[in-house]
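Single-structure report; data block below.
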Amino acid sequence: MPVNTSEVSPAPSLFSPVSLGKIELANRIVMAPLTRVRAGSSGIPGDLMVEYYRQRASAGMIITEGTYPDHASQGYVGEPGIATDEQAAGWQRVFEAVHAEGGRIVLQIMHAGRGTHPDINGGRRILAPSAIAIDNKTFTEKGEQPYPIPEAMTTAEIRAAVEDFVTAARRAIEAGADGVEIHGANGYLLQEFLSPAANQRTDGYGGSPHNRARFVVEVVTAVTQAVGAERVGLRISPEVDLGDVFETDRDDVLATYGTLLDQLRPLGLAYLSVLHAEPGGDLVQELRRRFDGKLIVNSGPFGGQTTREQALQQIEAGHADAVAVGRALIANPDLVERWQGGHPENEPRPELFYGPDAEGYTDYPFLEAA
């Protein structure tokens, strides 16, 4: 029997639309969450941040930089928050600017856990799964300082942290975000619970892979109940050694993240975002199968800046539904147009990634001005 070729769906391309839950993307280039520390001491997004995100609205979806849900969880000087109505109002201006350009934007909620310092979070307590410090230094208001030993969270404090995520998600959606991404990666609080190196608890939140995944399951479930699973994504970074999480045992990693995704699968989340050196490798693709939903892959700092060819290959090989791109979008606000037309790209200026002003932030030229 002859095949009616008009009914055969073409293979997706990097520039074809895709739906992540209720979020409709015009293309599959996703702006990765990128710490840029331009929110000042107030944590309120201002004119500079509005312009930065507006410029990049042609990406299929923007994932904002990590944003703290409560003041104690702030991980960086100059990081934006969603802990107050004033901060939410600042984000509302960002969301409106992106939407006015036809873009889509989700807010990443990030609790730094032990990855902060009293000279960053206003002298507040630093909480983590266990009282184990990161063996490194962080930049504070008073210069570089060693990470302090955190306090092990009580069960009540774990419940309070879940509620902080829920409140932050509600604020973001009410302010006009298309969705929220829960940051379960990069060595911050949620991954600290997942990691046997950072989590040495002996209660129901520690020990076995199932117990270590429990806090993340509770956060994601509570947020989906509050704002709808079709507007919620989760970011994970299995085996990525950031913040001393040290996930070095592949069997344990698969058991931990496998049970996490087995429990989250019935929720029907908008997407899963995975940071890993081998997006098409066995681990990531097995986790994708366990999740059974839309996948964004992010090769992050591994092997240098994500190129047009790499992004095309990930989609054409069927390794993912969308690709997160960081440095190329920092340097090229109109990256989609450049990649679609094969145009030259601006080079990023890493020395200006973190700073207080427009230089290296909103002053990269567009094609017509290049």
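Following the order of the structure tokens, first chain is A, next is B, and so on, with residues numbered from 1 inside each chain and ligands from 1 in the order they appear.
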
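Taking only C-alpha atoms, the non-local environment of Ala222 in chain A within 8 Å (same-chain residues fewer than 3 positions away omitted) comprises A:Val162, A:Glu163, A:Val166, A:Glu218, A:Val219, A:Gln225, A:Ala226.
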
Can you check which parts of range 169-233 of chain A lie within 9 Å of range 78-83 of chain A? Per residue, the shortest pair of atoms and distance in Å to one decimal, counting only C-alpha atoms, sorted by chain and number, as a Markdown table.
| residue | atom | partner | partner_atom | distance |
| --- | --- | --- | --- | --- |
| A:Ala169 | CA | A:Ile82 | CA | 8.6 |
| A:Arg171 | CA | A:Ile82 | CA | 7.1 |
| A:Ala172 | CA | A:Ile82 | CA | 7.2 |

Would you mind exporting all heavy atoms of the selected residues as a tab-separated table (two decimals), in the first residue's frame?
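New file selection_33.tsv:
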chain	number	residue	atom	x	y	z
A	169	ALA	N	6.87	30.48	43.05
A	169	ALA	CA	6.24	30.09	41.79
A	169	ALA	C	4.94	30.84	41.57
A	169	ALA	O	4.67	31.34	40.46
A	169	ALA	CB	5.99	28.58	41.78
A	171	ARG	N	4.14	33.77	42.78
A	171	ARG	CA	4.48	35.17	42.47
A	171	ARG	C	4.89	35.32	41.00
A	171	ARG	O	4.51	36.28	40.32
A	171	ARG	CB	5.64	35.65	43.36
A	171	ARG	CG	5.23	36.19	44.71
A	171	ARG	CD	6.30	37.14	45.25
A	171	ARG	NE	5.88	37.65	46.55
A	171	ARG	CZ	6.33	37.19	47.72
A	171	ARG	NH1	7.21	36.21	47.74
A	171	ARG	NH2	5.88	37.70	48.84
A	172	ALA	N	5.71	34.39	40.53
A	172	ALA	CA	6.20	34.46	39.15
A	172	ALA	C	5.06	34.35	38.15
A	172	ALA	O	4.98	35.13	37.19
A	172	ALA	CB	7.23	33.36	38.90

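The gap separating CA of Ala161 in chain A from CA of Arg124 in chain A is 14.4 Å, in Å to one decimal.
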
Practice item. Can you pull out every residue within 12 Å of Tyr257 in chain A, counting only C-alpha atoms, but drop anything in the same chain fewer than 6 positions away, and send it as a PyMOL selection string? Key: chain A and resi 184-185+190-191+193-195+208-214+216-217+235-239+247+250-251+263-265+272+274+283-284+286-291

Just to be explicit: take each residue in the selection above, keep N, CA, C and O atoms, and write the result as a compact mmCIF listing (two decimals), in the first residue's frame.
# COMPACT_ATOMS: atom_id res chain seq x y z
N GLY A 184 17.28 22.18 40.17
CA GLY A 184 17.72 21.02 40.93
C GLY A 184 19.13 20.60 40.55
O GLY A 184 19.48 19.42 40.68
N ALA A 185 19.94 21.57 40.11
CA ALA A 185 21.25 21.26 39.52
C ALA A 185 22.35 22.11 40.14
O ALA A 185 22.14 22.85 41.10
N LEU A 190 18.71 21.66 46.05
CA LEU A 190 18.03 20.43 45.66
C LEU A 190 19.02 19.33 45.30
O LEU A 190 18.86 18.17 45.70
N GLN A 191 20.09 19.70 44.57
CA GLN A 191 21.08 18.67 44.25
C GLN A 191 21.88 18.26 45.48
O GLN A 191 22.36 17.13 45.56
N PHE A 193 20.61 17.64 48.31
CA PHE A 193 19.83 16.53 48.87
C PHE A 193 20.04 15.26 48.05
O PHE A 193 20.10 14.15 48.60
N LEU A 194 20.17 15.38 46.72
CA LEU A 194 20.33 14.22 45.86
C LEU A 194 21.70 13.56 46.02
O LEU A 194 21.83 12.35 45.85
N SER A 195 22.71 14.35 46.36
CA SER A 195 24.09 13.87 46.36
C SER A 195 24.48 13.19 47.67
O SER A 195 24.37 13.78 48.74
N SER A 208 19.19 6.22 51.36
CA SER A 208 18.90 5.54 50.10
C SER A 208 18.64 6.56 48.98
O SER A 208 18.29 7.72 49.24
N PRO A 209 18.80 6.14 47.73
CA PRO A 209 18.46 7.03 46.61
C PRO A 209 17.03 7.56 46.71
O PRO A 209 16.79 8.75 46.44
N HIS A 210 16.09 6.72 47.11
CA HIS A 210 14.69 7.15 47.22
C HIS A 210 14.55 8.26 48.27
O HIS A 210 13.84 9.26 48.05
N ASN A 211 15.21 8.10 49.39
CA ASN A 211 15.13 9.12 50.44
C ASN A 211 15.81 10.42 50.02
O ASN A 211 15.31 11.52 50.32
N ARG A 212 16.95 10.32 49.34
CA ARG A 212 17.64 11.53 48.91
C ARG A 212 16.85 12.29 47.85
O ARG A 212 16.99 13.50 47.71
N ALA A 213 16.02 11.57 47.09
CA ALA A 213 15.20 12.22 46.07
C ALA A 213 13.92 12.84 46.65
O ALA A 213 13.26 13.63 45.98
N ARG A 214 13.62 12.50 47.90
CA ARG A 214 12.31 12.87 48.48
C ARG A 214 12.06 14.38 48.49
O ARG A 214 10.97 14.83 48.12
N VAL A 216 13.28 16.77 46.60
CA VAL A 216 13.04 17.29 45.25
C VAL A 216 11.64 16.91 44.78
O VAL A 216 10.93 17.74 44.20
N VAL A 217 11.24 15.68 45.04
CA VAL A 217 9.88 15.25 44.68
C VAL A 217 8.84 16.13 45.37
O VAL A 217 7.87 16.58 44.75
N ARG A 235 15.26 21.39 36.28
CA ARG A 235 16.63 21.27 35.76
C ARG A 235 17.44 20.37 36.69
O ARG A 235 17.42 20.54 37.91
N ILE A 236 18.18 19.43 36.08
CA ILE A 236 19.07 18.56 36.85
C ILE A 236 20.43 18.52 36.16
O ILE A 236 20.55 18.83 34.97
N SER A 237 21.46 18.13 36.92
CA SER A 237 22.82 18.01 36.34
C SER A 237 23.52 16.79 36.93
O SER A 237 24.51 16.92 37.64
N PRO A 238 23.03 15.60 36.62
CA PRO A 238 23.65 14.39 37.17
C PRO A 238 25.12 14.27 36.74
O PRO A 238 25.47 14.55 35.60
N GLU A 239 25.96 13.90 37.69
CA GLU A 239 27.40 13.67 37.48
C GLU A 239 28.20 14.95 37.25
O GLU A 239 29.39 14.88 36.99
N GLU A 247 28.97 13.32 42.36
CA GLU A 247 28.15 12.16 41.98
C GLU A 247 28.99 11.29 41.04
O GLU A 247 28.89 11.39 39.82
N ARG A 250 28.12 5.79 38.94
CA ARG A 250 27.06 5.78 37.91
C ARG A 250 25.83 4.99 38.36
O ARG A 250 24.69 5.39 38.09
N ASP A 251 26.03 3.88 39.04
CA ASP A 251 24.88 3.09 39.49
C ASP A 251 24.03 3.87 40.48
O ASP A 251 22.79 3.85 40.43
N GLN A 263 8.99 9.05 39.99
CA GLN A 263 7.96 9.65 40.83
C GLN A 263 7.37 10.92 40.21
O GLN A 263 6.21 11.26 40.46
N LEU A 264 8.17 11.62 39.41
CA LEU A 264 7.68 12.86 38.79
C LEU A 264 6.92 12.61 37.49
O LEU A 264 6.11 13.45 37.08
N ARG A 265 7.19 11.47 36.84
CA ARG A 265 6.57 11.21 35.53
C ARG A 265 5.06 11.39 35.52
O ARG A 265 4.52 12.05 34.60
N LEU A 272 11.86 18.59 31.14
CA LEU A 272 13.04 18.29 31.96
C LEU A 272 14.24 18.88 31.23
O LEU A 272 14.40 18.68 30.02
N VAL A 274 18.37 18.91 31.21
CA VAL A 274 19.51 18.15 31.74
C VAL A 274 20.82 18.78 31.29
O VAL A 274 21.06 18.92 30.08
N LEU A 283 23.17 7.69 29.83
CA LEU A 283 22.56 8.17 31.07
C LEU A 283 21.44 9.14 30.77
O LEU A 283 20.31 8.97 31.24
N VAL A 284 21.73 10.17 30.00
CA VAL A 284 20.72 11.20 29.73
C VAL A 284 19.52 10.60 28.99
O VAL A 284 18.36 10.90 29.32
N GLU A 286 18.48 7.50 29.07
CA GLU A 286 17.72 6.65 29.99
C GLU A 286 16.85 7.51 30.91
O GLU A 286 15.68 7.18 31.18
N LEU A 287 17.40 8.61 31.39
CA LEU A 287 16.60 9.51 32.23
C LEU A 287 15.45 10.12 31.43
O LEU A 287 14.35 10.30 31.96
N ARG A 288 15.70 10.41 30.16
CA ARG A 288 14.62 10.90 29.30
C ARG A 288 13.49 9.88 29.21
O ARG A 288 12.31 10.22 29.27
N ARG A 289 13.87 8.61 29.03
CA ARG A 289 12.86 7.55 28.94
C ARG A 289 12.06 7.45 30.24
O ARG A 289 10.83 7.31 30.21
N ARG A 290 12.75 7.55 31.37
CA ARG A 290 12.07 7.46 32.67
C ARG A 290 11.14 8.65 32.89
O ARG A 290 10.08 8.53 33.50
N PHE A 291 11.55 9.82 32.40
CA PHE A 291 10.74 11.03 32.54
C PHE A 291 9.52 10.99 31.62
O PHE A 291 8.42 11.41 32.00

All helix (DSSP H, G or I) positions in range 54-183 of chain A, as an NGL selection string: :A and (54-55 or 71-73 or 85-100 or 155-174)

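For Phe139 in chain A, the set of protein, DNA and RNA residues having any atom at most 10 Å away, when counting only C-alpha atoms and skipping those fewer than 2 positions along the same chain, is A:Gly75, A:Tyr76, A:Val77, A:Thr116, A:His117, A:Asp119, A:Ile120, A:Lys137, A:Glu141, A:Lys142, A:Gly143, A:Glu144, A:Gln145, A:Pro146, A:Tyr147.
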
Got time to write the residues from that selection, N, CA, C and O atoms, as an mmCIF file, in the first residue's frame?
data_model
loop_
_atom_site.group_PDB
_atom_site.id
_atom_site.type_symbol
_atom_site.label_atom_id
_atom_site.label_comp_id
_atom_site.auth_asym_id
_atom_site.auth_seq_id
_atom_site.Cartn_x
_atom_site.Cartn_y
_atom_site.Cartn_z
ATOM 1 N N GLY A 75 22.344 33.329 46.518
ATOM 2 C CA GLY A 75 23.671 32.743 46.357
ATOM 3 C C GLY A 75 24.738 33.676 45.822
ATOM 4 O O GLY A 75 25.923 33.350 45.886
ATOM 5 N N TYR A 76 24.332 34.840 45.276
ATOM 6 C CA TYR A 76 25.300 35.738 44.646
ATOM 7 C C TYR A 76 24.978 37.191 44.971
ATOM 8 O O TYR A 76 23.805 37.572 45.053
ATOM 9 N N VAL A 77 26.020 37.998 45.099
ATOM 10 C CA VAL A 77 25.847 39.444 45.191
ATOM 11 C C VAL A 77 25.269 39.927 43.854
ATOM 12 O O VAL A 77 25.777 39.577 42.792
ATOM 13 N N THR A 116 26.238 29.709 49.674
ATOM 14 C CA THR A 116 26.153 31.142 49.926
ATOM 15 C C THR A 116 26.994 31.476 51.160
ATOM 16 O O THR A 116 27.761 30.644 51.647
ATOM 17 N N HIS A 117 26.828 32.706 51.638
ATOM 18 C CA HIS A 117 27.656 33.209 52.741
ATOM 19 C C HIS A 117 26.864 34.295 53.456
ATOM 20 O O HIS A 117 26.060 34.993 52.811
ATOM 21 N N ASP A 119 27.713 37.160 54.213
ATOM 22 C CA ASP A 119 27.965 38.453 53.587
ATOM 23 C C ASP A 119 27.350 38.553 52.187
ATOM 24 O O ASP A 119 27.552 39.547 51.487
ATOM 25 N N ILE A 120 26.590 37.536 51.805
ATOM 26 C CA ILE A 120 25.797 37.571 50.570
ATOM 27 C C ILE A 120 24.313 37.657 50.911
ATOM 28 O O ILE A 120 23.574 38.446 50.327
ATOM 29 N N LYS A 137 35.975 28.886 47.867
ATOM 30 C CA LYS A 137 35.668 30.254 48.271
ATOM 31 C C LYS A 137 34.585 30.830 47.385
ATOM 32 O O LYS A 137 34.339 30.345 46.279
ATOM 33 N N GLU A 141 30.237 40.546 49.480
ATOM 34 C CA GLU A 141 30.330 42.008 49.563
ATOM 35 C C GLU A 141 31.686 42.449 50.123
ATOM 36 O O GLU A 141 32.126 43.577 49.879
ATOM 37 N N LYS A 142 32.336 41.572 50.870
ATOM 38 C CA LYS A 142 33.618 41.903 51.497
ATOM 39 C C LYS A 142 34.787 41.172 50.833
ATOM 40 O O LYS A 142 35.820 40.930 51.460
ATOM 41 N N GLY A 143 34.607 40.792 49.573
ATOM 42 C CA GLY A 143 35.659 40.083 48.858
ATOM 43 C C GLY A 143 35.512 38.575 48.953
ATOM 44 O O GLY A 143 34.490 38.057 49.420
ATOM 45 N N GLU A 144 36.522 37.846 48.495
ATOM 46 C CA GLU A 144 36.481 36.388 48.474
ATOM 47 C C GLU A 144 36.620 35.825 49.881
ATOM 48 O O GLU A 144 37.506 36.232 50.637
ATOM 49 N N GLN A 145 35.736 34.889 50.207
ATOM 50 C CA GLN A 145 35.783 34.258 51.529
ATOM 51 C C GLN A 145 35.449 32.778 51.402
ATOM 52 O O GLN A 145 34.716 32.376 50.500
ATOM 53 N N PRO A 146 35.960 31.944 52.331
ATOM 54 C CA PRO A 146 35.608 30.526 52.316
ATOM 55 C C PRO A 146 34.111 30.325 52.585
ATOM 56 O O PRO A 146 33.500 31.096 53.326
ATOM 57 N N TYR A 147 33.570 29.285 51.991
ATOM 58 C CA TYR A 147 32.180 28.925 52.319
ATOM 59 C C TYR A 147 32.111 28.493 53.779
ATOM 60 O O TYR A 147 32.979 27.750 54.254
#

Restricting to only C-alpha atoms, whichever of A:Leu20, A:Ala317, A:Ala26, A:Val106 is closest to Val336 in chain A is A:Ala26

_I need the residues in range 128-330 of chain A that are strand (DSSP E or B) according to DSSP; give them as a PyMOL selection string._
chain A and resi 128+137-140+143-146+151-152+179-184+232-236+271-275+295-298+322-325

For N, CA, C and O atoms, I'd like the residues from the last selection saved as a CSV table (one decimal), in the first residue's frame.
chain,number,residue,atom,x,y,z
A,128,ALA,N,21.4,23.5,54.8
A,128,ALA,CA,21.7,22.5,53.8
A,128,ALA,C,21.2,21.2,54.4
A,128,ALA,O,20.8,21.1,55.5
A,137,LYS,N,36.0,28.9,47.9
A,137,LYS,CA,35.7,30.3,48.3
A,137,LYS,C,34.6,30.8,47.4
A,137,LYS,O,34.3,30.3,46.3
A,138,THR,N,33.9,31.9,47.9
A,138,THR,CA,32.9,32.6,47.1
A,138,THR,C,33.1,34.1,47.2
A,138,THR,O,33.7,34.6,48.2
A,139,PHE,N,32.6,34.8,46.2
A,139,PHE,CA,32.8,36.2,46.2
A,139,PHE,C,31.6,36.9,47.0
A,139,PHE,O,30.4,36.6,46.7
A,140,THR,N,32.0,37.7,48.0
A,140,THR,CA,31.0,38.3,48.8
A,140,THR,C,31.1,39.8,48.7
A,140,THR,O,32.0,40.4,48.1
A,143,GLY,N,34.6,40.8,49.6
A,143,GLY,CA,35.7,40.1,48.9
A,143,GLY,C,35.5,38.6,49.0
A,143,GLY,O,34.5,38.1,49.4
A,144,GLU,N,36.5,37.8,48.5
A,144,GLU,CA,36.5,36.4,48.5
A,144,GLU,C,36.6,35.8,49.9
A,144,GLU,O,37.5,36.2,50.6
A,145,GLN,N,35.7,34.9,50.2
A,145,GLN,CA,35.8,34.3,51.5
A,145,GLN,C,35.4,32.8,51.4
A,145,GLN,O,34.7,32.4,50.5
A,146,PRO,N,36.0,31.9,52.3
A,146,PRO,CA,35.6,30.5,52.3
A,146,PRO,C,34.1,30.3,52.6
A,146,PRO,O,33.5,31.1,53.3
A,151,GLU,N,24.1,24.8,58.5
A,151,GLU,CA,23.3,24.1,59.5
A,151,GLU,C,22.5,23.0,58.8
A,151,GLU,O,21.9,23.3,57.8
A,152,ALA,N,22.5,21.8,59.4
A,152,ALA,CA,21.6,20.8,58.8
A,152,ALA,C,20.1,21.1,59.1
A,152,ALA,O,19.7,21.5,60.2
A,179,GLY,N,6.0,30.3,32.8
A,179,GLY,CA,6.2,29.1,33.6
A,179,GLY,C,7.4,29.3,34.6
A,179,GLY,O,7.9,30.4,34.7
A,180,VAL,N,7.7,28.3,35.3
A,180,VAL,CA,8.8,28.3,36.3
A,180,VAL,C,9.7,27.1,36.1
A,180,VAL,O,9.2,26.0,35.7
A,181,GLU,N,11.0,27.3,36.3
A,181,GLU,CA,11.9,26.1,36.3
A,181,GLU,C,12.5,26.0,37.7
A,181,GLU,O,13.0,27.0,38.2
A,182,ILE,N,12.4,24.8,38.2
A,182,ILE,CA,12.9,24.5,39.5
A,182,ILE,C,14.4,24.1,39.3
A,182,ILE,O,14.6,23.1,38.6
A,183,HIS,N,15.3,24.8,40.0
A,183,HIS,CA,16.7,24.5,39.8
A,183,HIS,C,17.1,23.4,40.8
A,183,HIS,O,17.3,23.6,42.0
A,184,GLY,N,17.3,22.2,40.2
A,184,GLY,CA,17.7,21.0,40.9
A,184,GLY,C,19.1,20.6,40.6
A,184,GLY,O,19.5,19.4,40.7
A,232,VAL,N,5.5,24.0,34.6
A,232,VAL,CA,6.7,23.7,35.5
A,232,VAL,C,7.7,22.8,34.8
A,232,VAL,O,7.4,21.8,34.2
A,233,GLY,N,9.0,23.3,34.8
A,233,GLY,CA,10.1,22.5,34.4
A,233,GLY,C,11.0,22.2,35.5
A,233,GLY,O,11.0,22.9,36.5
A,234,LEU,N,11.9,21.2,35.3
A,234,LEU,CA,12.9,20.9,36.3
A,234,LEU,C,14.3,20.8,35.6
A,234,LEU,O,14.4,20.2,34.6
A,235,ARG,N,15.3,21.4,36.3
A,235,ARG,CA,16.6,21.3,35.8
A,235,ARG,C,17.4,20.4,36.7
A,235,ARG,O,17.4,20.5,37.9
A,236,ILE,N,18.2,19.4,36.1
A,236,ILE,CA,19.1,18.6,36.8
A,236,ILE,C,20.4,18.5,36.2
A,236,ILE,O,20.5,18.8,35.0
A,271,TYR,N,8.6,20.2,31.0
A,271,TYR,CA,9.9,19.7,30.5
A,271,TYR,C,10.8,19.3,31.6
A,271,TYR,O,10.7,19.7,32.7
A,272,LEU,N,11.9,18.6,31.1
A,272,LEU,CA,13.0,18.3,32.0
A,272,LEU,C,14.2,18.9,31.2
A,272,LEU,O,14.4,18.7,30.0
A,273,SER,N,15.1,19.6,31.9
A,273,SER,CA,16.3,20.2,31.4
A,273,SER,C,17.5,19.5,32.0
A,273,SER,O,17.6,19.4,33.3
A,274,VAL,N,18.4,18.9,31.2
A,274,VAL,CA,19.5,18.1,31.7
A,274,VAL,C,20.8,18.8,31.3
A,274,VAL,O,21.1,18.9,30.1
A,275,LEU,N,21.6,19.1,32.3
A,275,LEU,CA,23.0,19.6,32.0
A,275,LEU,C,23.9,18.4,32.1
A,275,LEU,O,24.0,17.8,33.2
A,295,LEU,N,12.3,17.1,26.5
A,295,LEU,CA,13.7,17.2,27.1
A,295,LEU,C,14.4,18.4,26.5
A,295,LEU,O,14.4,18.5,25.2
A,296,ILE,N,15.0,19.2,27.3
A,296,ILE,CA,15.9,20.2,26.9
A,296,ILE,C,17.3,19.8,27.3
A,296,ILE,O,17.5,19.4,28.5
A,297,VAL,N,18.3,19.8,26.4
A,297,VAL,CA,19.6,19.4,26.8
A,297,VAL,C,20.5,20.6,26.8
A,297,VAL,O,20.3,21.5,26.0
A,298,ASN,N,21.6,20.5,27.6
A,298,ASN,CA,22.5,21.6,27.8
A,298,ASN,C,23.9,21.0,28.1
A,298,ASN,O,24.0,20.3,29.1
A,322,ALA,N,14.6,20.4,22.5
A,322,ALA,CA,15.1,21.7,22.5
A,322,ALA,C,16.5,21.7,23.0
A,322,ALA,O,16.9,20.8,23.8
A,323,VAL,N,17.3,22.8,22.7
A,323,VAL,CA,18.7,22.9,23.1
A,323,VAL,C,18.9,24.2,23.9
A,323,VAL,O,18.5,25.3,23.4
A,324,ALA,N,19.4,24.1,25.1
A,324,ALA,CA,19.8,25.3,25.9
A,324,ALA,C,21.1,25.9,25.4
A,324,ALA,O,22.1,25.1,25.3
A,325,VAL,N,21.1,27.1,25.2
A,325,VAL,CA,22.3,27.8,24.7
A,325,VAL,C,22.6,29.0,25.6
A,325,VAL,O,21.7,29.8,25.9

* Can you work out which one of A:Ala32, A:Ser41, A:Ile134, A:Ile149 has the shortest atom-to-atom distance to Ile105 in chain A, counting only C-alpha atoms? =>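 Of A:Ala32, A:Ser41, A:Ile134, A:Ile149, the one nearest Ile105 in chain A, counting only C-alpha atoms, is A:Ala32.
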